[in-house]
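Just protein26.txt here, compact mmCIF, C-alpha atoms:
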```
# COMPACT_ATOMS: atom_id res chain seq x y z
CA MET A 4 -11.81 -7.79 -14.34
CA LYS A 5 -10.36 -5.56 -17.05
CA LEU A 6 -10.61 -1.79 -17.05
CA ASP A 7 -12.51 -0.05 -19.83
CA ILE A 8 -10.20 1.47 -22.44
CA LYS A 9 -10.96 4.57 -24.48
CA ASN A 10 -8.82 6.37 -27.07
CA SER A 11 -6.16 3.64 -26.65
CA ASN A 12 -4.51 5.40 -23.66
CA GLU A 13 -7.38 6.12 -21.24
CA TYR A 14 -8.35 3.46 -18.68
CA TYR A 15 -11.55 3.61 -16.62
CA ILE A 16 -12.60 1.72 -13.49
CA ASN A 17 -15.87 -0.18 -13.88
CA ASN A 18 -16.08 -2.26 -10.67
CA LYS A 19 -15.85 -0.12 -7.54
CA ARG A 20 -16.26 -0.84 -3.83
CA PRO A 21 -17.58 1.97 -1.57
CA PHE A 22 -15.39 3.25 1.25
CA ILE A 23 -16.83 2.35 4.68
CA GLN A 24 -14.87 4.31 7.25
CA ASN A 25 -13.59 3.01 10.56
CA ASN A 26 -11.80 5.18 13.14
CA ILE A 27 -8.04 4.87 13.57
CA ASN A 28 -6.80 5.07 17.16
CA GLY A 29 -4.48 7.99 17.91
CA SER A 30 -1.84 5.64 19.33
CA ILE A 31 -1.50 4.04 15.87
CA ILE A 32 -1.05 7.46 14.27
CA GLU A 33 1.67 8.26 16.84
CA VAL A 34 3.63 5.06 16.18
CA CYS A 35 3.32 5.34 12.41
CA PHE A 36 4.29 9.02 12.40
CA GLU A 37 7.50 8.34 14.36
CA PHE A 38 8.37 5.37 12.15
CA ALA A 39 7.77 7.25 8.88
CA TYR A 40 9.64 10.36 10.00
CA ASN A 41 12.69 8.32 11.12
CA MET A 42 12.67 6.28 7.92
CA VAL A 43 12.55 9.32 5.65
CA PHE A 44 14.30 12.09 7.59
CA GLY A 45 16.40 9.96 9.95
CA ASP A 46 18.54 6.87 9.44
CA GLY A 47 16.23 4.93 7.12
CA HIS A 48 16.31 4.54 3.36
CA HIS A 49 13.65 4.52 0.64
CA ARG A 50 13.97 4.37 -3.14
CA ASP A 51 13.31 7.81 -4.60
CA HIS A 52 12.06 6.19 -7.84
CA ARG A 53 9.25 3.68 -8.23
CA SER A 54 10.25 0.53 -10.14
CA GLY A 55 10.16 1.64 -13.76
CA GLY A 56 9.14 5.14 -12.67
CA GLN A 57 10.18 8.34 -14.40
CA TYR A 58 10.60 10.89 -11.66
CA SER A 59 12.41 11.29 -8.36
CA ARG A 60 10.19 11.43 -5.28
CA LYS A 61 10.79 14.19 -2.75
CA LYS A 62 10.97 13.38 0.96
CA GLY A 63 7.48 14.78 1.54
CA GLU A 64 6.09 12.18 -0.85
CA LEU A 65 8.22 9.42 0.66
CA PHE A 66 6.90 10.33 4.12
CA ALA A 67 3.31 10.21 2.84
CA ASN A 68 3.82 6.77 1.30
CA THR A 69 5.63 5.38 4.35
CA PHE A 70 3.14 6.80 6.86
CA GLN A 71 0.13 5.53 4.93
CA GLY A 72 1.68 2.10 4.40
CA LYS A 73 2.53 1.57 8.06
CA ILE A 74 -0.97 2.69 9.14
CA ALA A 75 -2.39 0.03 6.83
CA GLU A 76 -0.27 -2.63 8.52
CA PHE A 77 -1.24 -1.60 12.04
CA VAL A 78 -4.99 -1.29 11.47
CA THR A 79 -4.96 -4.75 9.88
CA TYR A 80 -2.94 -6.17 12.76
CA ASN A 81 -5.27 -4.63 15.36
CA GLU A 82 -8.40 -5.82 13.57
CA LEU A 83 -7.11 -9.39 13.34
CA ILE A 84 -5.93 -9.42 16.97
CA ASN A 85 -9.36 -8.19 18.09
CA LEU A 86 -10.93 -11.04 16.11
CA GLY A 87 -8.84 -13.58 18.01
CA PHE A 88 -5.90 -14.18 15.67
CA THR A 89 -3.43 -13.96 18.55
CA GLU A 90 -0.62 -15.82 16.75
CA LEU A 91 -0.22 -12.92 14.36
CA GLU A 92 3.23 -11.34 14.28
CA SER A 93 3.13 -7.58 14.89
CA PRO A 94 4.23 -5.04 12.21
CA ASP A 95 7.93 -4.28 12.00
CA THR A 96 8.92 -0.75 13.05
CA GLY A 97 12.65 -1.23 12.57
CA VAL A 98 14.42 1.61 10.75
CA TYR A 99 16.69 0.14 8.08
CA GLY A 100 19.40 1.62 5.90
CA LYS A 101 19.99 1.07 2.21
CA GLY A 102 19.86 -2.54 1.02
CA VAL A 103 17.90 -3.81 4.03
CA TRP A 104 14.10 -3.93 4.33
CA ASP A 105 11.22 -5.73 5.99
CA ASP A 106 10.27 -8.35 3.38
CA THR A 107 6.82 -9.27 4.75
CA ASP A 108 4.11 -6.98 6.14
CA LEU A 109 2.29 -9.50 8.38
CA VAL A 110 2.63 -13.24 9.04
CA TYR A 111 -0.01 -15.58 10.47
CA LYS A 112 0.78 -19.28 10.94
CA GLN A 113 3.53 -19.02 8.32
CA LYS A 114 1.17 -17.40 5.80
CA LYS A 115 2.65 -14.17 4.46
CA ILE A 116 0.33 -11.21 3.96
CA ASN A 117 1.23 -8.36 1.64
CA ILE A 118 -0.64 -5.18 2.58
CA LYS A 119 -1.16 -2.53 -0.09
CA SER A 120 -2.27 0.91 1.07
CA ALA A 121 -4.18 3.49 -0.94
CA ALA A 122 -6.23 6.66 -0.53
CA PHE A 123 -9.88 6.24 0.44
CA PHE A 124 -11.15 6.99 -3.07
CA SER A 125 -8.91 4.38 -4.73
CA ASN A 126 -10.43 1.34 -6.40
CA LEU A 127 -7.35 -0.45 -7.73
CA LEU A 128 -4.87 -2.74 -6.04
CA LEU A 129 -1.66 -1.86 -7.91
CA LEU A 130 1.62 -3.75 -8.23
CA GLU A 131 4.59 -2.14 -9.98
CA LYS A 132 5.13 -4.36 -13.01
CA LYS A 133 8.93 -4.48 -12.88
CA ASP A 134 8.79 -5.83 -9.30
CA TRP A 135 6.90 -9.07 -10.09
CA ASN A 136 7.64 -12.14 -12.19
CA THR A 137 5.18 -14.59 -13.78
CA LYS A 138 5.27 -16.82 -10.67
CA GLY A 139 3.93 -13.96 -8.57
CA GLU A 140 7.27 -13.57 -6.84
CA TYR A 141 8.46 -10.18 -5.60
CA ILE A 142 11.72 -9.68 -7.49
CA PRO A 143 13.48 -7.35 -4.97
CA ASN A 144 13.05 -10.06 -2.31
CA ILE A 145 14.66 -12.64 -4.60
CA HIS A 146 17.64 -10.34 -5.11
CA ASN A 147 17.82 -9.82 -1.35
CA SER A 148 17.79 -13.61 -0.73
CA SER A 149 14.65 -13.32 1.40
CA SER A 150 11.00 -14.39 1.17
CA GLU A 151 9.94 -14.36 -2.49
CA GLN A 152 6.21 -15.11 -2.37
CA TYR A 153 3.22 -13.80 -0.46
CA ASP A 154 0.15 -15.91 0.19
CA TYR A 155 -2.43 -13.11 0.40
CA PHE A 156 -2.70 -9.52 -0.80
CA LEU A 157 -4.88 -7.14 1.21
CA MET A 158 -5.79 -3.59 0.17
CA VAL A 159 -6.32 -1.03 2.94
CA ARG A 160 -7.67 2.44 2.15
CA ILE A 161 -6.90 5.48 4.29
CA LYS A 162 -8.81 8.75 4.77
CA PRO A 163 -7.90 11.57 4.41
CA ASP A 164 -5.57 11.33 1.44
CA ILE A 165 -2.19 12.10 3.02
CA LYS A 166 -0.92 13.37 -0.33
CA ASN A 167 -3.65 16.01 -0.43
CA VAL A 168 -3.05 16.96 3.22
CA LEU A 169 0.63 17.67 2.57
CA GLN A 170 -0.02 19.39 -0.76
CA LYS A 171 -2.35 21.87 0.96
CA GLU A 172 0.53 22.77 3.28
CA LYS A 173 3.00 22.89 0.36
CA LEU A 174 5.06 20.11 1.94
CA PHE A 175 4.47 17.17 -0.41
CA TYR A 176 7.32 18.16 -2.73
CA SER A 177 9.66 19.31 0.06
CA ASN A 178 12.90 17.69 1.15
CA GLU A 179 13.15 19.50 4.48
CA ILE A 180 10.16 19.44 6.86
CA ASP A 181 10.22 20.47 10.53
CA LYS A 182 9.11 17.50 12.64
CA ASN A 183 6.91 19.49 15.02
CA ILE A 184 5.14 21.28 12.18
CA LEU A 185 4.53 18.02 10.36
CA LYS A 186 3.30 16.31 13.51
CA LYS A 187 0.82 19.10 14.21
CA ILE A 188 -0.55 18.82 10.66
CA ILE A 189 -0.98 15.05 10.99
CA PHE A 190 -2.67 15.21 14.39
CA ASN A 191 -5.04 17.96 13.33
CA GLU A 192 -6.70 15.39 11.06
CA SER A 193 -9.17 12.65 11.94
CA TRP A 194 -8.03 9.37 10.38
CA PHE A 195 -10.13 6.48 9.05
CA TYR A 196 -9.61 3.21 7.19
CA ASP A 197 -11.43 0.43 5.42
CA PHE A 198 -10.50 -2.85 3.76
CA GLY A 199 -10.72 -2.49 0.01
CA GLY A 200 -10.52 -6.25 -0.52
CA VAL A 201 -8.22 -9.25 -0.57
CA CYS A 202 -6.97 -11.88 -3.02
CA SER A 203 -4.67 -14.89 -3.01
CA LEU A 204 -1.39 -15.50 -4.79
CA ALA A 205 -3.33 -17.48 -7.42
CA THR A 206 -5.23 -14.31 -8.40
CA ILE A 207 -2.00 -12.33 -8.63
CA LYS A 208 -0.52 -14.96 -10.95
CA HIS A 209 -3.69 -14.80 -13.04
CA ILE A 210 -3.60 -11.03 -13.60
CA ILE A 211 0.15 -11.13 -14.30
CA ASN A 212 -0.16 -13.90 -16.86
CA LYS A 213 -3.22 -12.26 -18.43
CA ASN A 214 -1.18 -9.02 -18.55
CA TYR A 215 -3.71 -6.83 -16.77
CA PHE A 216 -1.65 -3.68 -16.43
CA LEU A 217 -1.81 0.08 -16.70
CA PRO A 218 0.97 1.27 -19.02
CA GLN A 219 3.36 4.03 -18.07
CA ASN A 220 1.97 7.44 -19.16
CA SER A 221 -1.57 6.09 -19.56
CA MET A 222 -4.40 8.09 -18.00
CA LEU A 223 -6.48 6.48 -15.26
CA ASN A 224 -10.09 7.71 -15.29
CA GLY A 225 -8.96 10.31 -17.79
CA LYS A 226 -7.02 12.39 -15.24
CA ILE A 227 -4.29 10.47 -13.36
CA LYS A 228 -1.08 9.91 -15.33
CA MET A 229 0.67 6.65 -14.48
CA ASP A 230 4.34 7.08 -13.58
CA ALA A 231 5.19 3.41 -14.16
CA ASP A 232 3.68 0.21 -15.54
CA ASN A 233 1.37 -1.34 -12.90
CA PHE A 234 -0.51 -4.62 -12.74
CA TYR A 235 -3.99 -4.01 -11.34
CA ILE A 236 -7.05 -5.61 -9.78
CA GLN A 237 -10.24 -3.61 -9.32
CA CYS A 238 -11.61 -3.47 -5.76
CA GLY A 239 -14.94 -4.85 -6.92
CA ASP A 240 -13.13 -7.99 -8.09
CA LEU A 241 -11.45 -8.59 -4.71
CA ARG A 242 -12.96 -10.72 -1.95
CA ASP A 243 -14.12 -8.94 1.21
CA PHE A 244 -12.38 -8.95 4.58
CA ASN A 245 -14.81 -11.44 6.13
CA PHE A 246 -13.90 -13.96 3.45
CA PHE A 247 -10.24 -13.40 4.30
CA THR A 248 -10.76 -14.03 8.03
CA SER A 249 -12.78 -17.17 7.28
CA ILE A 250 -9.75 -18.55 5.43
CA LEU A 251 -7.40 -17.68 8.29
CA LYS A 252 -9.68 -19.47 10.79
CA LYS A 253 -9.15 -22.72 8.87
CA LEU A 254 -5.36 -22.60 9.15
```
Whole structure, structure tokens version:
Amino acid sequence: MKLDIKNSNEYYINNKRPFIQNNINGSIIEVCFEFAYNMVFGDGHHRDHRSGGQYSRKKGELFANTFQGKIAEFVTYNELINLGFTELESPDTGVYGKGVWDDTDLVYKQKKINIKSAAFFSNLLLLEKKDWNTKGEYIPNIHNSSSEQYDYFLMVRIKPDIKNVLQKEKLFYSNEIDKNILKKIIFNESWFYDFGGVCSLATIKHIINKNYFLPQNSMLNGKIKMDADNFYIQCGDLRDFNFFTSILKKL
């Protein structure tokens, strides 16, 4: 499960899972665009620093993260609904101010599902180290007196890489972006997803207690500098989506 380490500060992935693309419906892109834009440029609130991070994120980056994350929730929701999991609660699209947030991505029969989004080429499920304790509890939720633990962690990968799309247009590091311009850029792309894998809370506790983490300032694959300490699981070590649905069917 561990990454290969070279020169003490370089970490390399050794257990990948190929990206198998599935189309994303335009109606999902529409809903997620409106949500992300309102959260970042409207009445919503996002932390401009990652937990333990070193730099302040611009609104272009916050939009990219929010947009990608909400897409991941909706494609998972739609896939599960289509498979007959009709008791699934739909993703929250409420726009919240500072100090208030949606503490669970999806819930099925009281089982809480944490959905982690990533670019299509990613092969690590990452958890910011300062956000998690040794019980696998999400610390910000504890401080907010809400749900502390998730039962399952699902990684969803999105293509194209929204970060790269906005960087090409010189908008990723912007704080002011015209909505119509941004919307045109988003809808000029064809969007795809796949499920990078899933694990249970027990696996999360295992990697936390075994201290599987990428240190701040370390280099992933020799080229990506880590902004903060992150626990990790390689995609090749996660169970596939069919295994996940087989568990849900038994609930």
Note to self: Quick one: residues within 7 Å of region 228-239 of chain A, all atoms listed in the file, excluding same-chain residues fewer than 4 positions away - as an MDAnalysis selection string?
What the structure shows: chainID A and resid 4 18:20 55:57 126:132 199:200 211 215:223
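Near Lys186 (chain A), within 10 Å and counting only C-alpha atoms, sit A:Ile32, A:Glu33, A:Phe36, A:Glu37, A:Tyr40, A:Asp181, A:Lys182, A:Asn183, A:Ile189, A:Phe190, A:Asn191; same-chain residues fewer than 3 positions away were not included.
Nearest to Asp197 (chain A) of all the residues A:Ile16, A:Ile250, A:Leu169, A:Ala122 is A:Ala122, counting all atoms listed in the file.
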Check: Pick the closest to Met42 (chain A) from A:Glu13, A:Leu91, A:Lys73, A:Gln24: which is it, counting only C-alpha atoms?
Finding: A:Lys73
Item checked: Nearest-residue call for Val159 (chain A), choices A:Ile184, A:Ile31, A:Val98, A:Ile118, using all atoms listed in the file -> A:Ile118
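The interatomic distance for the pair CA of Met158 (chain A) and CA of Phe175 (chain A) works out to 23.2 Å.
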I'd like the box whose edges run along x, y and z of the file and which contains every listed atom of region 145-164 of chain A, padded by 4 Å per side; could you state its centre and edge lengths in Å, one decimal, as JSON?
```
{"center_x": 4.5, "center_y": -2.2, "center_z": -0.2, "size_x": 34.6, "size_y": 35.5, "size_z": 17.9}
```
Which protein, DNA or RNA residues have an atom at most 7 Å from (-3.8, -3.0, 1.3), counting all atoms listed in the file? List them as an mmCIF file with C-alpha atoms, in the frame of the given file.
```
data_model
loop_
_atom_site.group_PDB
_atom_site.id
_atom_site.type_symbol
_atom_site.label_atom_id
_atom_site.label_comp_id
_atom_site.auth_asym_id
_atom_site.auth_seq_id
_atom_site.Cartn_x
_atom_site.Cartn_y
_atom_site.Cartn_z
ATOM 1 C CA ALA A 75 -2.390 0.030 6.830
ATOM 2 C CA ILE A 118 -0.640 -5.180 2.580
ATOM 3 C CA LYS A 119 -1.160 -2.530 -0.090
ATOM 4 C CA SER A 120 -2.270 0.910 1.070
ATOM 5 C CA ALA A 121 -4.180 3.490 -0.940
ATOM 6 C CA PHE A 156 -2.700 -9.520 -0.800
ATOM 7 C CA LEU A 157 -4.880 -7.140 1.210
ATOM 8 C CA MET A 158 -5.790 -3.590 0.170
ATOM 9 C CA VAL A 159 -6.320 -1.030 2.940
ATOM 10 C CA ARG A 160 -7.670 2.440 2.150
#
```
Margin query: Between A:Tyr111, A:Trp194, A:Phe124, A:Tyr176, which residue has the minimum interatomic distance to Tyr153 (chain A), considering only C-alpha atoms?
Written below: A:Tyr111
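If all atoms listed in the file are the atoms counted, then among A:Pro94, A:Tyr15, A:Arg242, A:Ile23 the closest residue to Ile116 (chain A) is A:Pro94.
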Check: Hey, which of A:Val43, A:Ser249, A:Asp240, A:Glu172 ends up closest to Arg60 (chain A)? Count only C-alpha atoms.
Finding: A:Val43
Selection: 7 Å around Asn212 (chain A), only C-alpha atoms, excl. self and same-chain fewer than 3 positions, as a short mmCIF file (atom, residue, chain, number, x, y, z; two decimals) with C-alpha atoms, in the coordinates of the input:
```
data_model
loop_
_atom_site.label_atom_id
_atom_site.label_comp_id
_atom_site.auth_asym_id
_atom_site.auth_seq_id
_atom_site.Cartn_x
_atom_site.Cartn_y
_atom_site.Cartn_z
CA THR A 137 5.18 -14.59 -13.78
CA LYS A 208 -0.52 -14.96 -10.95
CA HIS A 209 -3.69 -14.80 -13.04
#
```
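The space separating CA of Phe22 (chain A) from CA of Asn68 (chain A) comes to 19.5 Å.
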